[in-house]
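**Student:** If you scroll down you'll find the structure; I have some questions about it.
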Amino acid sequence: MGLFDTIRTVLGTNAEADATRDADPEDLFGMSTAYVTMEADLGFRSVDAAALCFSGVDSTDFSEVVGDVEAILRAGEEETGTAFELREDSHGWEWVILRDDDPEDLVTSVHFAADEFIERGYGSRLLAALFGFERGGDGGSDGGSDDRSNDDRSNGEPDRAYWIYSFRRGAYYPFAPKRDKERNQRLEFKLESVLDGELGLEGDESYWYPMWPDRDGGHPWE
Amino acid sequence: MDWKPDWGLRGRMVLTMFLLFALYLVFVGALIQTDSFFFLPLMGLFVLAQFFFSDRLALYSMGAKKVSEEEYPELHAMVSRLSQQADLPKPTVAVADSRVPNAFAAGRSQKKSTVCVTTELLRTLDRDELEGVIAHELAHVKNRDVMVMTIASFLSTIAFMIVRMGFWFGGGRNRQGGGGFLVAIVASLVVWIISFFLIRALSRYREFAADRGGALITGRPSALASARMDNVPKDDLREQSEMNAFFIVPLKSDVIGRLFSTHPATEKRVDRLRDLEREMESV
């Protein structure tokens with residue numbers, strides 16, 4: 001507990017300060033090369049989609065910002081062909097969903113959208129950027145099958161993994177959901193050890209928040 | 001996001017803490033003067049133990065159970081994302097089977113915190129309102145209110161113990177240096193009564209602070225306001241039950257009752273939340 005933290009604790013303003021702290025997008029771009037490592041070293045291919053999760057604010061100004069983000073993404077769609085969609089999920093959180101088979105374009109689009117929120121003073125409302133990966137499934141055995149043990153394998157379904165970038169903490173962490181709200185922790189640690197150094201990683205596992213999909217086999221943003 | 005810090009609230013909080021601190025200095029001085037200082041470490045241990053087990057005590061007294069993601073997926077998802085926004089490790093989630101809508105946060109540190117809601121709360125509030133209530137509890141965790149209130153009431157609790165001990169043993173026993181002991185008891189009584197009101201005031205200010213924090217976490221001050229107006233869940237268990245038991249004055253919402261209460265009046269809290277909403281709207 002540092003001096004400022006102590007003062008904030010005395011004043012009871014920790015929650016205010018941290019809830020409104022600006023986003024830290026510095027390390028987001030590490031994902032561009034991580035896509036290559038994921039495929040080459042671990043056999044995980046992109047699911048050709050990424051998403052930006054944010055929590056709304058009850059104000060007209062914020063709605064305008066969301067409108068402008070949409071305009072930016074529409075311009076991007078014409079240029080790079082990155083399809084996008086805005087959606088509110090069943091929990092009331094909002095998503096920008098991006099689809100493109102070029103990972104580079106996904107990272108760039110996420111960055112553009114995030115940047116607009118930050119520029120307009122709503123960086124604190126950005127929660128996470130998610131980049132989806134999968135391997136195996138459909139009987140596909142291209143690469144990576146050697147280090148997959150039998151019990152990880154669930155009847156032909158692909159292994160899913162996500163790299164989640166926390167804008168609050170400015171770091172990535174892995175999330176590998178299995179069925180029934182269980183996490184494939186072995187896979188998560190494997191991802192962590194392989195990508196360590198390449199991505200800025202969240203060292204404190206208590207901040208590896210799960211972001212469960214609504215249904216088994218779906219993506220968190222669906 | 002646009003919002004102004006509430007300097008008035010911070011000022012009142014600091015003033016209250018300062019007064020408590022000054023009062024405690026006098027108290028410790030009085031204990032030393034009357035050679036009764038030996039009470040402190042002994043009872044300090046007891047209070048410390050209470051602090052370390054406070055979360056379990058609170059959960060136990062509410063009959064609350066830790067629940068898994070399987071059992072309450074929605075609640076878990078909500079807590080998880082709100083803690084993400086608050087930059088807090090996800091707390092343990094517990095549910096208490098109760099017919100009173102209520103929620104509280106327990107645990108001595110941010111990493112060991114638990115957020116508990118009652119089944120009735122889950123039943124009566126809609127999603128946005130529940131978000132508001134949970135964000136308010138997370139703000140308590142973030143502000144370390146359990147720790148702050150434990151420290152603030154530490155010597156007050158000890159003063160209370162000395163008073164109670166005085167009632168048990170003090171009466172007829174006046175043999176060795178009984179005078180000094182009597183002074184210590186009277187001093188403790190005075191300290192306890194004054195600190196009681198200061199602590200209650202501090203507790204109310206911390207509630208306002210948690211309301212603000214919670215509203216900034218959800219981005220929707222109205223969500224908590226409407227949850228408050230609907231069924232006013234009384235939060236957290238930082239009240240000291242022995243103090244309540246000591247007073248027979250009915251704790252109703254007249255002026256005197258307000259001094260005794262740990263939580264601010266609902267209308268006041270809703271008013272403040274409205275102010276905050278206006279601030280966020282007027283850029």
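By order in the structure tokens, chains are A, B, ...; within a chain, residues start at 1; ligands start at 1, following the order shown.
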If we count only C-alpha atoms, what is near Leu82 of chain B at a cut-off of 10 Å, once residues fewer than 3 positions away on the same chain are taken out, given as a ChimeraX atom specification?
**Tutor:** /A:19,55,127 /B:76-79,85-88,90,131-132,134-135,138-139,214,217-218
**Student:** Could you list the residues in chain B lying within 7 Å of chain A, using only C-alpha atoms, and format the result as a PyMOL selection string?
**Tutor:** chain B and resi 1+10+13-14+69-70+80+84-87+89-90+139+142-144+206+209+212-213+216-217+219-220+280-281
**Student:** Mind dumping the selected residues with N, CA and C atoms as a PDB file, in the first residue's frame?
**Tutor:**
ATOM      1  N   MET B   1     -15.305  10.015 -18.913  1.00  0.00           N
ATOM      2  CA  MET B   1     -16.543  10.185 -18.161  1.00  0.00           C
ATOM      3  C   MET B   1     -16.379  11.382 -17.228  1.00  0.00           C
ATOM      4  N   ARG B  10     -15.412  14.240   1.431  1.00  0.00           N
ATOM      5  CA  ARG B  10     -14.048  13.883   1.870  1.00  0.00           C
ATOM      6  C   ARG B  10     -13.664  14.680   3.102  1.00  0.00           C
ATOM      7  N   MET B  13     -15.316  13.369   6.134  1.00  0.00           N
ATOM      8  CA  MET B  13     -14.731  12.089   6.513  1.00  0.00           C
ATOM      9  C   MET B  13     -13.426  12.301   7.278  1.00  0.00           C
ATOM     10  N   VAL B  14     -12.577  13.179   6.751  1.00  0.00           N
ATOM     11  CA  VAL B  14     -11.293  13.438   7.386  1.00  0.00           C
ATOM     12  C   VAL B  14     -11.500  14.075   8.769  1.00  0.00           C
ATOM     13  N   GLU B  69     -20.081 -21.245 -10.067  1.00  0.00           N
ATOM     14  CA  GLU B  69     -20.513 -20.625 -11.329  1.00  0.00           C
ATOM     15  C   GLU B  69     -21.628 -21.435 -11.976  1.00  0.00           C
ATOM     16  N   GLU B  70     -21.593 -22.745 -11.724  1.00  0.00           N
ATOM     17  CA  GLU B  70     -22.627 -23.617 -12.264  1.00  0.00           C
ATOM     18  C   GLU B  70     -24.005 -23.270 -11.704  1.00  0.00           C
ATOM     19  N   SER B  80     -18.166 -10.856 -11.841  1.00  0.00           N
ATOM     20  CA  SER B  80     -16.887 -10.918 -12.521  1.00  0.00           C
ATOM     21  C   SER B  80     -16.642  -9.657 -13.355  1.00  0.00           C
ATOM     22  N   GLN B  84     -14.073  -6.484 -12.809  1.00  0.00           N
ATOM     23  CA  GLN B  84     -13.155  -6.110 -13.871  1.00  0.00           C
ATOM     24  C   GLN B  84     -13.144  -4.587 -14.036  1.00  0.00           C
ATOM     25  N   GLN B  85     -14.331  -4.016 -14.047  1.00  0.00           N
ATOM     26  CA  GLN B  85     -14.433  -2.564 -14.197  1.00  0.00           C
ATOM     27  C   GLN B  85     -13.807  -1.849 -12.995  1.00  0.00           C
ATOM     28  N   ALA B  86     -13.980  -2.437 -11.820  1.00  0.00           N
ATOM     29  CA  ALA B  86     -13.459  -1.804 -10.605  1.00  0.00           C
ATOM     30  C   ALA B  86     -11.981  -2.108 -10.396  1.00  0.00           C
ATOM     31  N   ASP B  87     -11.416  -2.960 -11.260  1.00  0.00           N
ATOM     32  CA  ASP B  87     -10.042  -3.418 -11.127  1.00  0.00           C
ATOM     33  C   ASP B  87      -9.822  -4.080  -9.768  1.00  0.00           C
ATOM     34  N   PRO B  89      -9.730  -8.159  -7.939  1.00  0.00           N
ATOM     35  CA  PRO B  89      -9.826  -9.600  -8.177  1.00  0.00           C
ATOM     36  C   PRO B  89     -11.256 -10.046  -7.896  1.00  0.00           C
ATOM     37  N   LYS B  90     -11.722 -11.034  -8.650  1.00  0.00           N
ATOM     38  CA  LYS B  90     -13.105 -11.440  -8.458  1.00  0.00           C
ATOM     39  C   LYS B  90     -13.309 -11.994  -7.055  1.00  0.00           C
ATOM     40  N   ALA B 139     -17.564  -1.555  -4.312  1.00  0.00           N
ATOM     41  CA  ALA B 139     -16.931  -0.284  -3.934  1.00  0.00           C
ATOM     42  C   ALA B 139     -16.510  -0.321  -2.467  1.00  0.00           C
ATOM     43  N   LYS B 142     -13.374  -2.270  -2.481  1.00  0.00           N
ATOM     44  CA  LYS B 142     -12.313  -1.447  -3.076  1.00  0.00           C
ATOM     45  C   LYS B 142     -11.844  -0.373  -2.088  1.00  0.00           C
ATOM     46  N   ASN B 143     -12.757   0.211  -1.379  1.00  0.00           N
ATOM     47  CA  ASN B 143     -12.414   1.265  -0.421  1.00  0.00           C
ATOM     48  C   ASN B 143     -11.876   0.714   0.892  1.00  0.00           C
ATOM     49  N   ARG B 144     -11.784  -0.597   0.993  1.00  0.00           N
ATOM     50  CA  ARG B 144     -11.287  -1.280   2.196  1.00  0.00           C
ATOM     51  C   ARG B 144     -12.078  -0.869   3.431  1.00  0.00           C
ATOM     52  N   ARG B 206     -18.928   6.662   4.621  1.00  0.00           N
ATOM     53  CA  ARG B 206     -18.382   5.584   3.781  1.00  0.00           C
ATOM     54  C   ARG B 206     -19.466   5.014   2.866  1.00  0.00           C
ATOM     55  N   ALA B 209     -19.709   7.298   0.000  1.00  0.00           N
ATOM     56  CA  ALA B 209     -18.554   7.087  -0.861  1.00  0.00           C
ATOM     57  C   ALA B 209     -18.737   5.822  -1.700  1.00  0.00           C
ATOM     58  N   ARG B 212     -21.146   6.426  -4.530  1.00  0.00           N
ATOM     59  CA  ARG B 212     -20.478   7.114  -5.631  1.00  0.00           C
ATOM     60  C   ARG B 212     -19.626   6.134  -6.430  1.00  0.00           C
ATOM     61  N   GLY B 213     -18.810   5.354  -5.705  1.00  0.00           N
ATOM     62  CA  GLY B 213     -17.947   4.378  -6.355  1.00  0.00           C
ATOM     63  C   GLY B 213     -18.766   3.399  -7.181  1.00  0.00           C
ATOM     64  N   LEU B 216     -20.125   4.912 -10.335  1.00  0.00           N
ATOM     65  CA  LEU B 216     -19.115   5.109 -11.373  1.00  0.00           C
ATOM     66  C   LEU B 216     -18.667   3.775 -11.962  1.00  0.00           C
ATOM     67  N   ILE B 217     -18.796   2.698 -11.193  1.00  0.00           N
ATOM     68  CA  ILE B 217     -18.469   1.376 -11.730  1.00  0.00           C
ATOM     69  C   ILE B 217     -19.501   0.972 -12.779  1.00  0.00           C
ATOM     70  N   GLY B 219     -21.665   2.989 -14.240  1.00  0.00           N
ATOM     71  CA  GLY B 219     -21.958   4.034 -15.207  1.00  0.00           C
ATOM     72  C   GLY B 219     -23.422   4.405 -15.220  1.00  0.00           C
ATOM     73  N   ARG B 220     -24.169   3.878 -14.273  1.00  0.00           N
ATOM     74  CA  ARG B 220     -25.609   4.147 -14.210  1.00  0.00           C
ATOM     75  C   ARG B 220     -26.039   4.444 -12.781  1.00  0.00           C
ATOM     76  N   MET B 280     -22.786  13.488 -14.905  1.00  0.00           N
ATOM     77  CA  MET B 280     -22.328  12.666 -16.016  1.00  0.00           C
ATOM     78  C   MET B 280     -23.013  13.075 -17.311  1.00  0.00           C
ATOM     79  N   GLU B 281     -24.206  13.623 -17.213  1.00  0.00           N
ATOM     80  CA  GLU B 281     -24.962  14.000 -18.403  1.00  0.00           C
ATOM     81  C   GLU B 281     -24.486  15.341 -18.950  1.00  0.00           C
TER      82      GLU B 281
END
**Student:** In segment 57-206 of chain A, what's helix (DSSP H, G or I) per DSSP? Answer as number ranges by chain?
**Tutor:** A: 60-80, 103-119, 123-125, 145-147, 150-152, 185-195, 205-206
**Student:** Using only C-alpha atoms for the distances, tell me which of A:Ala34, A:Ala23, A:Leu28, A:Met1 is nearest to Val194 of chain A.
**Tutor:**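 Using only C-alpha atoms, Val194 of chain A sits closest to A:Ala34.
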**Student:** Neighbouring residues of Ala161 of chain A were defined as those with any atom within 10 Å, considering only C-alpha atoms; residues of the same chain fewer than 2 positions away were excluded. Please report them as a count of residues only.
**Tutor:** 25
**Student:** Tell me which of B:Asp6, B:Asp128, B:Glu137, B:Glu71 sits closest to Ala103 of chain B, counting only C-alpha atoms.
**Tutor:**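 For Ala103 of chain B, the nearest of the candidates is B:Glu137.
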**Student:** Could you check which of B:Ala106, B:Leu189, B:Leu9, B:Met161 is closest to Met147 of chain B, using only C-alpha atoms?
**Tutor:** B:Ala106
**Student:** Just the residues within 10 Å of Thr80 of chain A, please, counting only C-alpha atoms, with nothing from its chain fewer than 5 positions along; format it as a list in words.
**Tutor:**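 Returned residues: Ala75, Asp100, Asp102, Asp105, Leu106 and Ser109 of chain A.
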**Student:** Restricting it to N, CA and C atoms, dump the selection as a compact mmCIF listing (two decimals), in the first residue's frame.
**Tutor:**
# COMPACT_ATOMS: atom_id res chain seq x y z
N ALA A 75 -16.03 2.71 -42.07
CA ALA A 75 -14.99 3.14 -42.99
C ALA A 75 -13.93 2.04 -43.13
N ASP A 100 -12.75 -11.09 -39.60
CA ASP A 100 -11.82 -10.93 -40.71
C ASP A 100 -10.90 -12.12 -40.67
N ASP A 102 -7.89 -12.05 -41.76
CA ASP A 102 -6.54 -11.57 -41.55
C ASP A 102 -6.40 -11.04 -40.11
N ASP A 105 -5.66 -7.36 -39.47
CA ASP A 105 -6.78 -6.42 -39.59
C ASP A 105 -7.64 -6.43 -38.33
N LEU A 106 -7.77 -7.61 -37.70
CA LEU A 106 -8.55 -7.69 -36.46
C LEU A 106 -7.91 -6.82 -35.39
N SER A 109 -8.34 -3.12 -36.20
CA SER A 109 -9.71 -2.62 -35.99
C SER A 109 -10.03 -2.48 -34.51
**Student:** Calculate how many Å separate atom CA of Ala265 of chain B from atom CA of Thr92 of chain B, rounding to one decimal.
**Tutor:**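 Separation of atom CA of Ala265 of chain B and atom CA of Thr92 of chain B: 29.1 Å.
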